[in-house]
Amino acid sequence: MATTVPTPTTDLRVGTAPAAGRRPETPRQRRARRLLVTLFLAPTVVGIALFTLVPIVASVLLAFFRWDVITPPTFAGLDNFVDIGADPTVRVAFLNTFVFVVVAVTLQLGIAMGLAVLVQSRMPGWLRSFFRSTLFFPLILSAASVSLVMAYLFNEDFGLVNSVLTGVGLPDVPWLTSTTGAAVVVVLVYVWQNFGFSFLLFVGGLAAIPRDVYEASSLDGIEGWARFRWITLPLLSPTVLVASVMAVINALQIFDQPYVLTRGGPGDSTRTAVMVIFESAFQQLQFGRAAAIGVVLTLLIMAVTAVQFRLSRRYVFHQ
Amino acid sequence: MATLSPAGASGLQVRPGPRPVRRRPVPRAGTVGKFAVLAVAVFLTLGPVAWTVWTSFRPQVAGAGVQPGFSAYVDVFRQADVLLLVWNSVLVTSLCALGQMVTAAMAGYVFARVQFRGSGALFAVVLATMMVPLQVTIVPVFMLIRGMGLSDTLLALVLPAVPTAFGTFLMRQYFLGLPDDLAEAAAIDGAGPLRTFSSVYAPLALPGMAIVGILAFNYHWNEFFRPLILTVSERNFTMPLGLVSLQGNLGTGSVSTVLAGVVLSMVPALVVFVLGQRPLREGLTAGVGK
């Protein structure tokens, strides 16, 4: 089998360089090449067209119609958008999502970067690989079962968290039955499960910083916080950009955790944007409205990502 | 690689001349603090998992207190059709993973090694679809599945998941890393394009395909949103859906039973994690230019 295992490159060039000095193609060879292209691309290209491209266009169109599957769709113009703008539930859901993204992403990136710096600092190799693998472990579990487990841990009456709190003389906290408590649990559970992804990115980014930079700085007596602030952070800034863009896109789509933990409650306190898409479409059978919320969410994701890239011009340090 | 510009690190200059690198001994307190923080992080990461396993073996039996043993696991099998859930999950997950491995390898190969008109534009379109959130397309996909007569079937979970933009991207990168000479050698030996792929390049790309497969397995084994929408009847539920409904039906009475189900569902994820840790890590962070 494989004698040399190449690592995936990040080379973005398209196609291969034309084989210089090769004989021109015979018609037979051309037919064979075209057949190969068609045959090999068909499953992916047709599949993506059918299950992603067409649905995108359909979603955008659907957003301008009223449709409950039973009666034929009727053109509604901008009504769906006006409706969702006026609907307090949708507005709260988007506001919740926004607050959630800000808090969860800040925590996620902060924890991930802190732990990555500690793990990449000087320590025996086996210990480093132990930390590297255990810390990203939650990432591979299903959000649904993690949320089930956490619902028990944060249960007000018999959960372990409150047992510990009362054990040290603190009062019980109504984690999942109060509006603030539920929101806090959703954030904690989400961050617990997802910080590992940013952690992996930061570990990779830190490992890519050349050692001699540190050696040079240490000659100048730059150590500790100053070293982190003026050397590590600038050299890590491209990774920070990637990690924050991915974390934000991910967090904007949160659904599993609040759905399993609280079903959006108490009240609307943990209802998120994706949850109102789900409810509009599959519980209230308002497909046009669901599509409209989806379009708004996508535009929001695109806008936030664009802002992040713009802001990054100021802090990303290019070598 | 790095030349520090003055703007990036003000006042940083490397003094010339050979001088041994001065190593300040790391302060003791700092080291202790570092490992204390890491230990707490590991405890918080593994703690809930350990608690889940521990509790699943110590079910609360009415009137008899805690009864350590496997009875919660027996209960799971009694109260839910666990074998069916596992079977559904295994079927969906492995079909998705296998399908992605094969189609991504084929498409990635063509994008990396075969020239054709429109290659660049087509690849750009495929890449762009990676950025579209699943929730935006779910309503039309649901309609499409209904239209195809596949609603409430396991195929509805597999079919849309097989064409993979990310997998194609990953495999293309992988094939770009393989040497060109092999194709020439194969051509001299009289191999056609199909033969060159199947006998030369595909075997060499198996590690890359493994990354695609492991990622797909992990993702679809844990998937909740799509199965929640695309399946209706319990006989088509996958593991995560089954567990959540198990909790709903039982109320708060038997924590251990639900947790036993969670442990069962974690086992394959754990196996994949242990066996495929490196490929998993590389795959998750692939395509992130450093």
# chains A, B, ... in the order shown; residues from 1 in each chain; ligands from 1
$ select_by_dssp --residues "segment 206-307 of chain A" --states "helix (DSSP H, G or I)" --output "MDAnalysis selection string"
chainID A and resid 206:207 211:219 224:252 256:261 273:282 287:307
$ residues_around --residues "segment 146-149 of chain B" --least-positions-apart "3" --cutoff "12 Å" --atoms "only C-alpha atoms" --output "PDB file with C-alpha atoms, in the first residue's frame"
ATOM      1  CA  LEU A  50     -29.909  19.023  -5.980  1.00  0.00           C
ATOM      2  CA  VAL A  69     -48.211  22.547   2.214  1.00  0.00           C
TER       3      VAL A  69
ATOM      4  CA  VAL B 139     -37.332  23.365   4.238  1.00  0.00           C
ATOM      5  CA  PRO B 140     -36.759  22.811   0.498  1.00  0.00           C
ATOM      6  CA  VAL B 141     -34.756  19.653   1.232  1.00  0.00           C
ATOM      7  CA  PHE B 142     -37.700  18.374   3.268  1.00  0.00           C
ATOM      8  CA  MET B 143     -40.016  19.135   0.305  1.00  0.00           C
ATOM      9  CA  ASP B 152     -39.702   9.055   6.810  1.00  0.00           C
ATOM     10  CA  THR B 153     -37.122   6.648   5.426  1.00  0.00           C
ATOM     11  CA  LEU B 154     -33.518   6.181   6.419  1.00  0.00           C
ATOM     12  CA  LEU B 155     -32.518   6.916   2.834  1.00  0.00           C
ATOM     13  CA  ALA B 156     -33.736  10.482   3.405  1.00  0.00           C
ATOM     14  CA  LEU B 159     -28.908  10.627   0.246  1.00  0.00           C
ATOM     15  CA  PRO B 160     -28.520  14.387   0.889  1.00  0.00           C
ATOM     16  CA  ILE B 229     -37.037  16.764  10.846  1.00  0.00           C
ATOM     17  CA  LEU B 230     -36.686  14.027   8.268  1.00  0.00           C
ATOM     18  CA  THR B 231     -37.868  11.061  10.321  1.00  0.00           C
TER      19      THR B 231
END
$ atom_distance --atom1 "atom CA of Pro238 of chain A" --atom2 "atom CA of Val103 of chain A"
21.6 Å
$ closest_residue --among "A:Thr97, A:Ser145, A:Thr71, A:Gln286" --to "Val244 of chain B" --atoms "only C-alpha atoms"
A:Ser145
$ residues_around --residues "Val191 of chain A" --least-positions-apart "4" --cutoff "7 Å" --atoms "only C-alpha atoms" --output "PyMOL selection string"
chain A and resi 104+108+187+195
$ residues_around --residues "Asn250 of chain A" --least-positions-apart "5" --cutoff "9 Å" --atoms "only C-alpha atoms" --output "list in words"
Val101 and Val245 of chain A; Pro133 of chain B
$ interface_residues --of "chain B" --to "chain A" --cutoff "6 Å" --atoms "only C-alpha atoms" --output "tab-separated table (two decimals) with C-alpha atoms, in the first residue's frame"
chain	number	residue	atom	x	y	z
B	2	ALA	CA	9.19	35.07	10.14
B	9	ALA	CA	6.73	43.69	18.01
B	14	VAL	CA	17.99	40.27	17.59
B	106	MET	CA	-13.60	10.65	-7.13
B	107	ALA	CA	-14.48	14.35	-7.28
B	111	PHE	CA	-10.43	18.52	-9.42
B	112	ALA	CA	-6.80	17.90	-8.50
B	113	ARG	CA	-5.43	15.92	-11.39
B	115	GLN	CA	-7.84	19.19	-16.69
B	120	GLY	CA	-11.89	26.29	-11.47
B	136	VAL	CA	-31.53	27.59	5.36
B	137	THR	CA	-31.90	24.70	3.00
B	140	PRO	CA	-36.76	22.81	0.50
B	160	PRO	CA	-28.52	14.39	0.89
B	163	PRO	CA	-22.32	14.71	-1.73
B	173	GLN	CA	-5.82	18.77	-1.26
B	174	TYR	CA	-4.73	15.22	-0.64
B	177	GLY	CA	0.09	16.28	-2.49
B	204	LEU	CA	-2.38	5.99	-2.09
B	222	ASN	CA	-24.19	12.55	16.53
B	240	PRO	CA	-29.67	10.69	19.53
B	262	VAL	CA	-26.11	7.76	26.55
$ atom_distance --atom1 "atom CA of Asn236 of chain B" --atom2 "atom CA of Leu280 of chain B"
28.1 Å
$ decode --residues "segment 238-260 of chain A" --atoms "N, CA, C and O atoms" --output "PDB file, in the first residue's frame"
ATOM      1  N   PRO A 238      -3.577  35.461  12.816  1.00  0.00           N
ATOM      2  CA  PRO A 238      -4.336  34.844  11.723  1.00  0.00           C
ATOM      3  C   PRO A 238      -5.208  33.684  12.217  1.00  0.00           C
ATOM      4  O   PRO A 238      -6.341  33.509  11.760  1.00  0.00           O
ATOM      5  N   THR A 239      -4.680  32.900  13.169  1.00  0.00           N
ATOM      6  CA  THR A 239      -5.467  31.811  13.739  1.00  0.00           C
ATOM      7  C   THR A 239      -6.661  32.363  14.524  1.00  0.00           C
ATOM      8  O   THR A 239      -7.753  31.789  14.492  1.00  0.00           O
ATOM      9  N   VAL A 240      -6.441  33.471  15.224  1.00  0.00           N
ATOM     10  CA  VAL A 240      -7.535  34.086  15.977  1.00  0.00           C
ATOM     11  C   VAL A 240      -8.677  34.454  15.028  1.00  0.00           C
ATOM     12  O   VAL A 240      -9.848  34.202  15.321  1.00  0.00           O
ATOM     13  N   LEU A 241      -8.304  35.005  13.873  1.00  0.00           N
ATOM     14  CA  LEU A 241      -9.331  35.375  12.892  1.00  0.00           C
ATOM     15  C   LEU A 241     -10.129  34.143  12.462  1.00  0.00           C
ATOM     16  O   LEU A 241     -11.366  34.127  12.536  1.00  0.00           O
ATOM     17  N   VAL A 242      -9.429  33.104  12.030  1.00  0.00           N
ATOM     18  CA  VAL A 242     -10.114  31.895  11.563  1.00  0.00           C
ATOM     19  C   VAL A 242     -10.979  31.307  12.678  1.00  0.00           C
ATOM     20  O   VAL A 242     -12.158  30.987  12.484  1.00  0.00           O
ATOM     21  N   ALA A 243     -10.399  31.198  13.879  1.00  0.00           N
ATOM     22  CA  ALA A 243     -11.122  30.591  14.990  1.00  0.00           C
ATOM     23  C   ALA A 243     -12.368  31.403  15.332  1.00  0.00           C
ATOM     24  O   ALA A 243     -13.427  30.828  15.607  1.00  0.00           O
ATOM     25  N   SER A 244     -12.262  32.736  15.298  1.00  0.00           N
ATOM     26  CA  SER A 244     -13.426  33.525  15.686  1.00  0.00           C
ATOM     27  C   SER A 244     -14.500  33.481  14.606  1.00  0.00           C
ATOM     28  O   SER A 244     -15.690  33.391  14.915  1.00  0.00           O
ATOM     29  N   VAL A 245     -14.087  33.502  13.332  1.00  0.00           N
ATOM     30  CA  VAL A 245     -15.092  33.416  12.264  1.00  0.00           C
ATOM     31  C   VAL A 245     -15.848  32.091  12.362  1.00  0.00           C
ATOM     32  O   VAL A 245     -17.091  32.053  12.345  1.00  0.00           O
ATOM     33  N   MET A 246     -15.105  30.990  12.539  1.00  0.00           N
ATOM     34  CA  MET A 246     -15.770  29.686  12.604  1.00  0.00           C
ATOM     35  C   MET A 246     -16.632  29.563  13.850  1.00  0.00           C
ATOM     36  O   MET A 246     -17.737  29.023  13.804  1.00  0.00           O
ATOM     37  N   ALA A 247     -16.143  30.064  14.970  1.00  0.00           N
ATOM     38  CA  ALA A 247     -16.911  29.967  16.213  1.00  0.00           C
ATOM     39  C   ALA A 247     -18.218  30.748  16.101  1.00  0.00           C
ATOM     40  O   ALA A 247     -19.273  30.286  16.551  1.00  0.00           O
ATOM     41  N   VAL A 248     -18.160  31.932  15.479  1.00  0.00           N
ATOM     42  CA  VAL A 248     -19.368  32.753  15.357  1.00  0.00           C
ATOM     43  C   VAL A 248     -20.390  32.088  14.429  1.00  0.00           C
ATOM     44  O   VAL A 248     -21.579  31.985  14.749  1.00  0.00           O
ATOM     45  N   ILE A 249     -19.908  31.608  13.271  1.00  0.00           N
ATOM     46  CA  ILE A 249     -20.830  30.956  12.335  1.00  0.00           C
ATOM     47  C   ILE A 249     -21.526  29.777  13.008  1.00  0.00           C
ATOM     48  O   ILE A 249     -22.738  29.579  12.898  1.00  0.00           O
ATOM     49  N   ASN A 250     -20.741  29.005  13.754  1.00  0.00           N
ATOM     50  CA  ASN A 250     -21.276  27.851  14.463  1.00  0.00           C
ATOM     51  C   ASN A 250     -22.300  28.242  15.519  1.00  0.00           C
ATOM     52  O   ASN A 250     -23.378  27.660  15.608  1.00  0.00           O
ATOM     53  N   ALA A 251     -21.940  29.235  16.331  1.00  0.00           N
ATOM     54  CA  ALA A 251     -22.797  29.623  17.446  1.00  0.00           C
ATOM     55  C   ALA A 251     -24.112  30.225  16.955  1.00  0.00           C
ATOM     56  O   ALA A 251     -25.155  30.050  17.584  1.00  0.00           O
ATOM     57  N   LEU A 252     -24.068  30.928  15.812  1.00  0.00           N
ATOM     58  CA  LEU A 252     -25.297  31.519  15.277  1.00  0.00           C
ATOM     59  C   LEU A 252     -26.326  30.443  14.922  1.00  0.00           C
ATOM     60  O   LEU A 252     -27.506  30.719  14.807  1.00  0.00           O
ATOM     61  N   GLN A 253     -25.856  29.208  14.730  1.00  0.00           N
ATOM     62  CA  GLN A 253     -26.768  28.135  14.321  1.00  0.00           C
ATOM     63  C   GLN A 253     -27.161  27.229  15.477  1.00  0.00           C
ATOM     64  O   GLN A 253     -27.654  26.125  15.267  1.00  0.00           O
ATOM     65  N   ILE A 254     -26.982  27.678  16.711  1.00  0.00           N
ATOM     66  CA  ILE A 254     -27.257  26.810  17.858  1.00  0.00           C
ATOM     67  C   ILE A 254     -28.714  26.351  17.883  1.00  0.00           C
ATOM     68  O   ILE A 254     -29.637  27.135  17.656  1.00  0.00           O
ATOM     69  N   PHE A 255     -28.895  25.045  18.104  1.00  0.00           N
ATOM     70  CA  PHE A 255     -30.241  24.477  18.177  1.00  0.00           C
ATOM     71  C   PHE A 255     -30.317  23.317  19.172  1.00  0.00           C
ATOM     72  O   PHE A 255     -31.134  23.337  20.098  1.00  0.00           O
ATOM     73  N   ASP A 256     -29.456  22.308  18.993  1.00  0.00           N
ATOM     74  CA  ASP A 256     -29.558  21.062  19.763  1.00  0.00           C
ATOM     75  C   ASP A 256     -29.626  21.295  21.275  1.00  0.00           C
ATOM     76  O   ASP A 256     -30.475  20.728  21.954  1.00  0.00           O
ATOM     77  N   GLN A 257     -28.703  22.117  21.793  1.00  0.00           N
ATOM     78  CA  GLN A 257     -28.619  22.275  23.244  1.00  0.00           C
ATOM     79  C   GLN A 257     -29.893  22.894  23.832  1.00  0.00           C
ATOM     80  O   GLN A 257     -30.491  22.292  24.728  1.00  0.00           O
ATOM     81  N   PRO A 258     -30.338  24.070  23.350  1.00  0.00           N
ATOM     82  CA  PRO A 258     -31.566  24.614  23.947  1.00  0.00           C
ATOM     83  C   PRO A 258     -32.786  23.736  23.679  1.00  0.00           C
ATOM     84  O   PRO A 258     -33.684  23.667  24.519  1.00  0.00           O
ATOM     85  N   TYR A 259     -32.810  23.042  22.538  1.00  0.00           N
ATOM     86  CA  TYR A 259     -33.964  22.192  22.240  1.00  0.00           C
ATOM     87  C   TYR A 259     -34.073  21.075  23.258  1.00  0.00           C
ATOM     88  O   TYR A 259     -35.143  20.803  23.793  1.00  0.00           O
ATOM     89  N   VAL A 260     -32.956  20.409  23.547  1.00  0.00           N
ATOM     90  CA  VAL A 260     -32.997  19.276  24.475  1.00  0.00           C
ATOM     91  C   VAL A 260     -33.087  19.756  25.924  1.00  0.00           C
ATOM     92  O   VAL A 260     -33.817  19.187  26.735  1.00  0.00           O
TER      93      VAL A 260
END
